[in-house]
file start-v3.cif (mmCIF, C-alpha atoms)
data_structure
#
loop_
_atom_site.label_atom_id
_atom_site.label_comp_id
_atom_site.auth_asym_id
_atom_site.auth_seq_id
_atom_site.Cartn_x
_atom_site.Cartn_y
_atom_site.Cartn_z
CA MET A 29 4.09 -21.18 3.05
CA ILE A 30 4.02 -18.16 5.40
CA TYR A 31 7.17 -16.78 3.77
CA GLU A 32 5.34 -16.60 0.42
CA TYR A 33 2.72 -14.33 1.95
CA PHE A 34 5.51 -12.31 3.54
CA LEU A 35 6.99 -11.85 0.05
CA VAL A 36 3.59 -10.64 -1.18
CA PHE A 37 3.46 -8.20 1.76
CA LEU A 38 6.99 -6.99 1.08
CA GLY A 39 6.41 -6.66 -2.67
CA ALA A 40 3.24 -4.62 -2.13
CA ALA A 41 5.10 -2.35 0.28
CA ILE A 42 7.89 -1.57 -2.20
CA PRO A 43 6.97 1.52 -4.23
CA TRP A 44 7.74 0.23 -7.73
CA LEU A 45 6.28 -3.26 -7.37
CA GLU A 46 3.02 -2.51 -5.59
CA ILE A 47 -0.33 -4.24 -5.90
CA ALA A 48 -0.65 -4.19 -9.70
CA LEU A 49 2.22 -6.67 -10.01
CA VAL A 50 2.25 -8.46 -6.67
CA ILE A 51 -1.39 -9.57 -6.51
CA PRO A 52 -1.44 -11.29 -9.91
CA LEU A 53 1.92 -12.94 -9.22
CA GLY A 54 0.79 -14.22 -5.82
CA ILE A 55 -2.36 -15.73 -7.28
CA VAL A 56 -0.51 -17.29 -10.22
CA TRP A 57 1.95 -18.83 -7.71
CA GLY A 58 -1.03 -20.70 -6.31
CA LEU A 59 -1.61 -18.70 -3.13
CA SER A 60 -5.12 -18.04 -1.85
CA PRO A 61 -6.56 -15.05 -3.74
CA LEU A 62 -8.32 -13.78 -0.61
CA TRP A 63 -5.17 -13.78 1.49
CA VAL A 64 -3.04 -12.37 -1.32
CA ILE A 65 -5.47 -9.43 -1.66
CA VAL A 66 -5.57 -8.81 2.10
CA VAL A 67 -1.82 -9.10 2.64
CA ALA A 68 -1.00 -6.94 -0.39
CA PHE A 69 -3.50 -4.30 0.71
CA VAL A 70 -2.00 -4.14 4.20
CA GLY A 71 1.58 -4.03 2.87
CA ASN A 72 0.83 -1.22 0.45
CA MET A 73 -1.22 0.78 2.96
CA LEU A 74 1.44 0.66 5.67
CA THR A 75 4.08 2.29 3.51
CA VAL A 76 1.63 4.80 2.02
CA LEU A 77 0.56 5.77 5.56
CA ALA A 78 4.21 6.13 6.57
CA LEU A 79 4.75 8.45 3.61
CA ILE A 80 1.68 10.53 4.48
CA ILE A 81 2.64 10.81 8.15
CA GLY A 82 6.26 11.71 7.42
CA PHE A 83 5.49 14.08 4.56
CA ASP A 84 5.89 17.32 6.56
CA ARG A 85 9.47 16.52 7.52
CA PHE A 86 10.35 15.56 3.98
CA GLN A 87 8.76 18.70 2.54
CA LEU A 88 10.76 20.97 4.87
CA TRP A 89 13.99 19.22 3.90
CA TYR A 90 13.17 19.27 0.19
CA ASN A 91 12.17 22.96 0.13
CA LYS A 92 15.40 23.97 1.90
CA ARG A 93 17.39 21.90 -0.56
CA GLN A 94 15.66 23.49 -3.57
CA GLU A 95 16.20 26.99 -2.17
CA ALA A 96 19.88 26.26 -1.57
CA LYS A 97 20.24 25.14 -5.18
CA GLY A 98 18.34 28.19 -6.43
CA LYS A 99 15.82 26.08 -8.36
CA THR A 100 12.53 27.44 -9.63
CA VAL A 101 9.24 25.73 -10.53
CA SER A 102 9.72 23.26 -13.41
CA LYS A 103 7.49 22.59 -16.41
CA LYS A 104 6.70 19.16 -14.97
CA SER A 105 5.45 20.74 -11.77
CA GLU A 106 3.22 23.06 -13.74
CA ARG A 107 1.81 20.11 -15.72
CA ALA A 108 1.14 18.20 -12.51
CA LYS A 109 -0.77 21.20 -11.17
CA GLN A 110 -2.90 21.30 -14.32
CA ILE A 111 -3.79 17.63 -13.90
CA TRP A 112 -4.50 18.24 -10.23
CA ASN A 113 -6.80 21.12 -11.03
CA LYS A 114 -8.68 19.03 -13.59
CA TYR A 115 -9.10 15.74 -11.69
CA GLY A 116 -8.29 16.56 -8.09
CA LEU A 117 -7.31 14.14 -5.36
CA PRO A 118 -10.01 11.54 -6.14
CA GLY A 119 -8.83 11.25 -9.74
CA LEU A 120 -5.19 11.14 -8.73
CA ALA A 121 -5.85 8.50 -6.07
CA MET A 122 -8.00 6.29 -8.29
CA LEU A 123 -5.67 6.46 -11.30
CA GLY A 124 -2.47 6.32 -9.24
CA PRO A 125 -2.14 2.55 -8.77
CA ILE A 126 -2.32 1.86 -12.51
CA LEU A 127 -0.51 4.92 -13.87
CA ILE A 128 2.10 6.16 -11.42
CA GLY A 129 1.89 4.06 -8.25
CA THR A 130 0.22 4.74 -4.93
CA HIS A 131 3.28 6.21 -3.23
CA ILE A 132 3.88 8.73 -5.98
CA ALA A 133 0.16 9.58 -6.07
CA ALA A 134 0.22 10.26 -2.32
CA PHE A 135 3.35 12.37 -2.64
CA ILE A 136 1.98 14.45 -5.52
CA GLY A 137 -1.36 14.94 -3.77
CA MET A 138 0.30 16.13 -0.58
CA THR A 139 2.69 18.35 -2.51
CA LEU A 140 -0.21 20.02 -4.28
CA GLY A 141 -2.02 20.77 -1.05
CA ALA A 142 -4.22 17.81 -0.15
CA THR A 143 -4.75 17.23 3.56
CA LYS A 144 -3.40 14.15 5.26
CA LYS A 145 -6.92 13.02 6.11
CA ASN A 146 -8.24 13.32 2.54
CA THR A 147 -5.14 11.71 1.08
CA THR A 148 -5.47 8.79 3.49
CA VAL A 149 -9.18 8.32 2.80
CA TRP A 150 -8.91 8.47 -0.98
CA LEU A 151 -5.83 6.28 -1.20
CA THR A 152 -7.40 3.71 1.12
CA ILE A 153 -10.45 3.56 -1.14
CA SER A 154 -8.27 3.38 -4.24
CA ILE A 155 -5.95 0.67 -2.93
CA ALA A 156 -8.94 -1.39 -1.73
CA VAL A 157 -10.76 -1.09 -5.06
CA TRP A 158 -7.69 -1.90 -7.15
CA SER A 159 -6.64 -4.75 -4.86
CA LEU A 160 -10.05 -6.34 -5.31
CA ALA A 161 -10.04 -5.69 -9.05
CA PHE A 162 -6.55 -7.14 -9.60
CA GLY A 163 -7.30 -10.10 -7.34
CA VAL A 164 -10.70 -11.02 -8.72
CA LEU A 165 -9.75 -10.52 -12.36
CA THR A 166 -6.54 -12.52 -11.97
CA ALA A 167 -8.31 -15.34 -10.11
CA LEU A 168 -11.07 -15.49 -12.72
CA GLY A 169 -8.64 -15.28 -15.63
CA PHE A 170 -6.28 -17.85 -14.15
CA ASP A 171 -9.20 -20.16 -13.38
CA PHE A 172 -10.44 -19.76 -16.98
CA PHE A 173 -7.09 -20.86 -18.44
CA THR A 174 -6.61 -23.80 -16.08
CA ARG A 175 -10.03 -25.43 -16.61
CA GLU A 176 -10.20 -28.65 -18.49
CA ILE A 177 -12.68 -28.94 -21.29
#

call {"tool": "encode", "arguments": {"input": "start-v3.cif", "output": "structure tokens"}}
result
Amino acid sequence: MIYEYFLVFLGAAIPWLEIALVIPLGIVWGLSPLWVIVVAFVGNMLTVLALIIGFDRFQLWYNKRQEAKGKTVSKKSERAKQIWNKYGLPGLAMLGPILIGTHIAAFIGMTLGATKKNTTVWLTISIAVWSLAFGVLTALGFDFFTREI
């Protein structure tokens, strides 16, 4: 049974699976909703924190690579800046898990100038809120469909 929770942890840590998919699947598999939420939260946070901590190294490498290729600012980058200016880090962090994923939200926030501290705080809040929301709603919905009349 421990390996099932390890799979939840691993799934939450992988950028394209994350909490939006892993938490409902874990609960539907019959695992404890509380432990699924906790394990998924920890799995997702560990990799997001690793991304935030290692961002400076990545940014140096990426900027050198772009300069070597002679690339300029793209239309997508300009659009991302417009969204950033409108909603800021809190909006990006809170919408990230359902729209683009937490890892991408952290990366975009850091790229657009958010501090490591603010990115960590807002993504922690966001991942906690969405973990609870996905867990509670799935548990309640699953319980609703499995009740006998």

call {"tool": "closest_residue", "arguments": {"input": "start-v3.cif", "among": "A:Thr100, A:Asn146, A:Thr166, A:Asn91", "to": "A:Ser60", "atoms": "only C-alpha atoms"}}
result
A:Thr166

call {"tool": "resolve_selection", "arguments": {"input": "start-v3.cif", "expression": "the PyMOL selection byres ((chain A and resi 45) around 12)", "output": "PDB file with C-alpha atoms, in the frame of the given file"}}
result
ATOM      1  CA  LEU A  35       6.990 -11.850   0.050  1.00  0.00           C
ATOM      2  CA  VAL A  36       3.590 -10.640  -1.180  1.00  0.00           C
ATOM      3  CA  PHE A  37       3.460  -8.200   1.760  1.00  0.00           C
ATOM      4  CA  LEU A  38       6.990  -6.990   1.080  1.00  0.00           C
ATOM      5  CA  GLY A  39       6.410  -6.660  -2.670  1.00  0.00           C
ATOM      6  CA  ALA A  40       3.240  -4.620  -2.130  1.00  0.00           C
ATOM      7  CA  ALA A  41       5.100  -2.350   0.280  1.00  0.00           C
ATOM      8  CA  ILE A  42       7.890  -1.570  -2.200  1.00  0.00           C
ATOM      9  CA  PRO A  43       6.970   1.520  -4.230  1.00  0.00           C
ATOM     10  CA  TRP A  44       7.740   0.230  -7.730  1.00  0.00           C
ATOM     11  CA  GLU A  46       3.020  -2.510  -5.590  1.00  0.00           C
ATOM     12  CA  ILE A  47      -0.330  -4.240  -5.900  1.00  0.00           C
ATOM     13  CA  ALA A  48      -0.650  -4.190  -9.700  1.00  0.00           C
ATOM     14  CA  LEU A  49       2.220  -6.670 -10.010  1.00  0.00           C
ATOM     15  CA  VAL A  50       2.250  -8.460  -6.670  1.00  0.00           C
ATOM     16  CA  ILE A  51      -1.390  -9.570  -6.510  1.00  0.00           C
ATOM     17  CA  PRO A  52      -1.440 -11.290  -9.910  1.00  0.00           C
ATOM     18  CA  LEU A  53       1.920 -12.940  -9.220  1.00  0.00           C
ATOM     19  CA  ALA A  68      -1.000  -6.940  -0.390  1.00  0.00           C
ATOM     20  CA  GLY A  71       1.580  -4.030   2.870  1.00  0.00           C
ATOM     21  CA  ASN A  72       0.830  -1.220   0.450  1.00  0.00           C
ATOM     22  CA  PRO A 125      -2.140   2.550  -8.770  1.00  0.00           C
ATOM     23  CA  ILE A 126      -2.320   1.860 -12.510  1.00  0.00           C
ATOM     24  CA  ILE A 128       2.100   6.160 -11.420  1.00  0.00           C
ATOM     25  CA  GLY A 129       1.890   4.060  -8.250  1.00  0.00           C
ATOM     26  CA  THR A 130       0.220   4.740  -4.930  1.00  0.00           C
ATOM     27  CA  HIS A 131       3.280   6.210  -3.230  1.00  0.00           C
TER      28      HIS A 131
END

call {"tool": "closest_residue", "arguments": {"input": "start-v3.cif", "among": "A:Leu79, A:Trp57, A:Val66, A:Ala142", "to": "A:Trp158", "atoms": "all atoms listed in the file"}}
result
A:Val66

call {"tool": "closest_residue", "arguments": {"input": "start-v3.cif", "among": "A:Ile81, A:Ala96, A:Leu140, A:Met122", "to": "A:Gln110", "atoms": "only C-alpha atoms"}}
result
A:Leu140

call {"tool": "resolve_selection", "arguments": {"input": "start-v3.cif", "expression": "the PyMOL selection byres ((chain A and resi 118) around 9)", "output": "tab-separated table (two decimals) with C-alpha atoms, in the coordinates of the input"}}
result
chain	number	residue	atom	x	y	z
A	115	TYR	CA	-9.10	15.74	-11.69
A	116	GLY	CA	-8.29	16.56	-8.09
A	117	LEU	CA	-7.31	14.14	-5.36
A	119	GLY	CA	-8.83	11.25	-9.74
A	120	LEU	CA	-5.19	11.14	-8.73
A	121	ALA	CA	-5.85	8.50	-6.07
A	122	MET	CA	-8.00	6.29	-8.29
A	123	LEU	CA	-5.67	6.46	-11.30
A	147	THR	CA	-5.14	11.71	1.08
A	150	TRP	CA	-8.91	8.47	-0.98
A	151	LEU	CA	-5.83	6.28	-1.20
A	154	SER	CA	-8.27	3.38	-4.24

call {"tool": "atom_distance", "arguments": {"input": "start-v3.cif", "atom1": "atom CA of A:Val67", "atom2": "atom CA of A:Gly124"}}
result
19.5 Å

call {"tool": "atom_distance", "arguments": {"input": "start-v3.cif", "atom1": "atom CA of A:Ile55", "atom2": "atom CA of A:Phe69"}}
result
14.0 Å

call {"tool": "closest_residue", "arguments": {"input": "start-v3.cif", "among": "A:Asp84, A:Val56, A:Ile111, A:Ala134", "to": "A:Val149", "atoms": "all atoms listed in the file"}}
result
A:Ala134

call {"tool": "build_atoms", "arguments": {"input": "start-v3.cif", "residues": "stretch 58-91 of chain A", "atoms": "N, CA and C atoms", "output": "PDB file, in the frame of the given file"}}
result
ATOM      1  N   GLY A  58      -0.179 -19.707  -6.942  1.00  0.00           N
ATOM      2  CA  GLY A  58      -1.030 -20.700  -6.310  1.00  0.00           C
ATOM      3  C   GLY A  58      -1.456 -20.344  -4.894  1.00  0.00           C
ATOM      4  N   LEU A  59      -1.196 -19.116  -4.465  1.00  0.00           N
ATOM      5  CA  LEU A  59      -1.610 -18.700  -3.130  1.00  0.00           C
ATOM      6  C   LEU A  59      -3.100 -18.362  -3.140  1.00  0.00           C
ATOM      7  N   SER A  60      -3.706 -18.367  -1.987  1.00  0.00           N
ATOM      8  CA  SER A  60      -5.120 -18.040  -1.850  1.00  0.00           C
ATOM      9  C   SER A  60      -5.386 -16.609  -2.301  1.00  0.00           C
ATOM     10  N   PRO A  61      -6.285 -16.414  -3.279  1.00  0.00           N
ATOM     11  CA  PRO A  61      -6.560 -15.050  -3.740  1.00  0.00           C
ATOM     12  C   PRO A  61      -7.015 -14.117  -2.615  1.00  0.00           C
ATOM     13  N   LEU A  62      -7.839 -14.610  -1.719  1.00  0.00           N
ATOM     14  CA  LEU A  62      -8.320 -13.780  -0.610  1.00  0.00           C
ATOM     15  C   LEU A  62      -7.163 -13.272   0.232  1.00  0.00           C
ATOM     16  N   TRP A  63      -6.274 -14.181   0.631  1.00  0.00           N
ATOM     17  CA  TRP A  63      -5.170 -13.780   1.490  1.00  0.00           C
ATOM     18  C   TRP A  63      -4.134 -12.945   0.758  1.00  0.00           C
ATOM     19  N   VAL A  64      -3.957 -13.192  -0.522  1.00  0.00           N
ATOM     20  CA  VAL A  64      -3.040 -12.370  -1.320  1.00  0.00           C
ATOM     21  C   VAL A  64      -3.566 -10.932  -1.368  1.00  0.00           C
ATOM     22  N   ILE A  65      -4.862 -10.768  -1.598  1.00  0.00           N
ATOM     23  CA  ILE A  65      -5.470  -9.430  -1.660  1.00  0.00           C
ATOM     24  C   ILE A  65      -5.321  -8.721  -0.318  1.00  0.00           C
ATOM     25  N   VAL A  66      -5.632  -9.418   0.765  1.00  0.00           N
ATOM     26  CA  VAL A  66      -5.570  -8.810   2.100  1.00  0.00           C
ATOM     27  C   VAL A  66      -4.131  -8.432   2.467  1.00  0.00           C
ATOM     28  N   VAL A  67      -3.213  -9.347   2.267  1.00  0.00           N
ATOM     29  CA  VAL A  67      -1.820  -9.100   2.640  1.00  0.00           C
ATOM     30  C   VAL A  67      -1.210  -7.987   1.778  1.00  0.00           C
ATOM     31  N   ALA A  68      -1.516  -7.979   0.488  1.00  0.00           N
ATOM     32  CA  ALA A  68      -1.000  -6.940  -0.390  1.00  0.00           C
ATOM     33  C   ALA A  68      -1.584  -5.576  -0.021  1.00  0.00           C
ATOM     34  N   PHE A  69      -2.867  -5.548   0.295  1.00  0.00           N
ATOM     35  CA  PHE A  69      -3.500  -4.300   0.710  1.00  0.00           C
ATOM     36  C   PHE A  69      -2.812  -3.745   1.953  1.00  0.00           C
ATOM     37  N   VAL A  70      -2.619  -4.581   2.950  1.00  0.00           N
ATOM     38  CA  VAL A  70      -2.000  -4.140   4.200  1.00  0.00           C
ATOM     39  C   VAL A  70      -0.558  -3.669   3.949  1.00  0.00           C
ATOM     40  N   GLY A  71       0.198  -4.415   3.168  1.00  0.00           N
ATOM     41  CA  GLY A  71       1.580  -4.030   2.870  1.00  0.00           C
ATOM     42  C   GLY A  71       1.667  -2.690   2.171  1.00  0.00           C
ATOM     43  N   ASN A  72       0.812  -2.484   1.184  1.00  0.00           N
ATOM     44  CA  ASN A  72       0.830  -1.220   0.450  1.00  0.00           C
ATOM     45  C   ASN A  72       0.360  -0.073   1.333  1.00  0.00           C
ATOM     46  N   MET A  73      -0.684  -0.285   2.105  1.00  0.00           N
ATOM     47  CA  MET A  73      -1.220   0.780   2.960  1.00  0.00           C
ATOM     48  C   MET A  73      -0.233   1.216   4.030  1.00  0.00           C
ATOM     49  N   LEU A  74       0.496   0.284   4.609  1.00  0.00           N
ATOM     50  CA  LEU A  74       1.440   0.660   5.670  1.00  0.00           C
ATOM     51  C   LEU A  74       2.497   1.634   5.173  1.00  0.00           C
ATOM     52  N   THR A  75       3.039   1.380   4.006  1.00  0.00           N
ATOM     53  CA  THR A  75       4.080   2.290   3.510  1.00  0.00           C
ATOM     54  C   THR A  75       3.489   3.598   2.994  1.00  0.00           C
ATOM     55  N   VAL A  76       2.282   3.553   2.438  1.00  0.00           N
ATOM     56  CA  VAL A  76       1.630   4.800   2.020  1.00  0.00           C
ATOM     57  C   VAL A  76       1.319   5.651   3.255  1.00  0.00           C
ATOM     58  N   LEU A  77       0.826   5.026   4.320  1.00  0.00           N
ATOM     59  CA  LEU A  77       0.560   5.770   5.560  1.00  0.00           C
ATOM     60  C   LEU A  77       1.842   6.365   6.138  1.00  0.00           C
ATOM     61  N   ALA A  78       2.922   5.609   6.086  1.00  0.00           N
ATOM     62  CA  ALA A  78       4.210   6.130   6.570  1.00  0.00           C
ATOM     63  C   ALA A  78       4.629   7.352   5.766  1.00  0.00           C
ATOM     64  N   LEU A  79       4.427   7.306   4.465  1.00  0.00           N
ATOM     65  CA  LEU A  79       4.750   8.450   3.610  1.00  0.00           C
ATOM     66  C   LEU A  79       3.882   9.653   3.959  1.00  0.00           C
ATOM     67  N   ILE A  80       2.595   9.426   4.156  1.00  0.00           N
ATOM     68  CA  ILE A  80       1.680  10.530   4.480  1.00  0.00           C
ATOM     69  C   ILE A  80       2.044  11.154   5.822  1.00  0.00           C
ATOM     70  N   ILE A  81       2.315  10.314   6.810  1.00  0.00           N
ATOM     71  CA  ILE A  81       2.640  10.810   8.150  1.00  0.00           C
ATOM     72  C   ILE A  81       3.963  11.580   8.158  1.00  0.00           C
ATOM     73  N   GLY A  82       4.940  11.074   7.428  1.00  0.00           N
ATOM     74  CA  GLY A  82       6.260  11.710   7.420  1.00  0.00           C
ATOM     75  C   GLY A  82       6.434  12.781   6.374  1.00  0.00           C
ATOM     76  N   PHE A  83       5.378  13.142   5.675  1.00  0.00           N
ATOM     77  CA  PHE A  83       5.490  14.080   4.560  1.00  0.00           C
ATOM     78  C   PHE A  83       5.985  15.464   4.993  1.00  0.00           C
ATOM     79  N   ASP A  84       5.513  15.962   6.122  1.00  0.00           N
ATOM     80  CA  ASP A  84       5.890  17.320   6.560  1.00  0.00           C
ATOM     81  C   ASP A  84       7.392  17.460   6.723  1.00  0.00           C
ATOM     82  N   ARG A  85       8.012  16.471   7.348  1.00  0.00           N
ATOM     83  CA  ARG A  85       9.470  16.520   7.520  1.00  0.00           C
ATOM     84  C   ARG A  85      10.193  16.525   6.186  1.00  0.00           C
ATOM     85  N   PHE A  86       9.725  15.649   5.294  1.00  0.00           N
ATOM     86  CA  PHE A  86      10.350  15.560   3.980  1.00  0.00           C
ATOM     87  C   PHE A  86      10.193  16.876   3.219  1.00  0.00           C
ATOM     88  N   GLN A  87       9.012  17.473   3.274  1.00  0.00           N
ATOM     89  CA  GLN A  87       8.760  18.700   2.540  1.00  0.00           C
ATOM     90  C   GLN A  87       9.664  19.838   3.026  1.00  0.00           C
ATOM     91  N   LEU A  88       9.855  19.946   4.340  1.00  0.00           N
ATOM     92  CA  LEU A  88      10.760  20.970   4.870  1.00  0.00           C
ATOM     93  C   LEU A  88      12.176  20.776   4.327  1.00  0.00           C
ATOM     94  N   TRP A  89      12.649  19.534   4.389  1.00  0.00           N
ATOM     95  CA  TRP A  89      13.990  19.220   3.900  1.00  0.00           C
ATOM     96  C   TRP A  89      14.109  19.533   2.404  1.00  0.00           C
ATOM     97  N   TYR A  90      13.128  19.099   1.635  1.00  0.00           N
ATOM     98  CA  TYR A  90      13.170  19.270   0.190  1.00  0.00           C
ATOM     99  C   TYR A  90      13.123  20.754  -0.203  1.00  0.00           C
ATOM    100  N   ASN A  91      12.261  21.524   0.437  1.00  0.00           N
ATOM    101  CA  ASN A  91      12.170  22.960   0.130  1.00  0.00           C
ATOM    102  C   ASN A  91      13.472  23.680   0.437  1.00  0.00           C
TER     103      ASN A  91
END
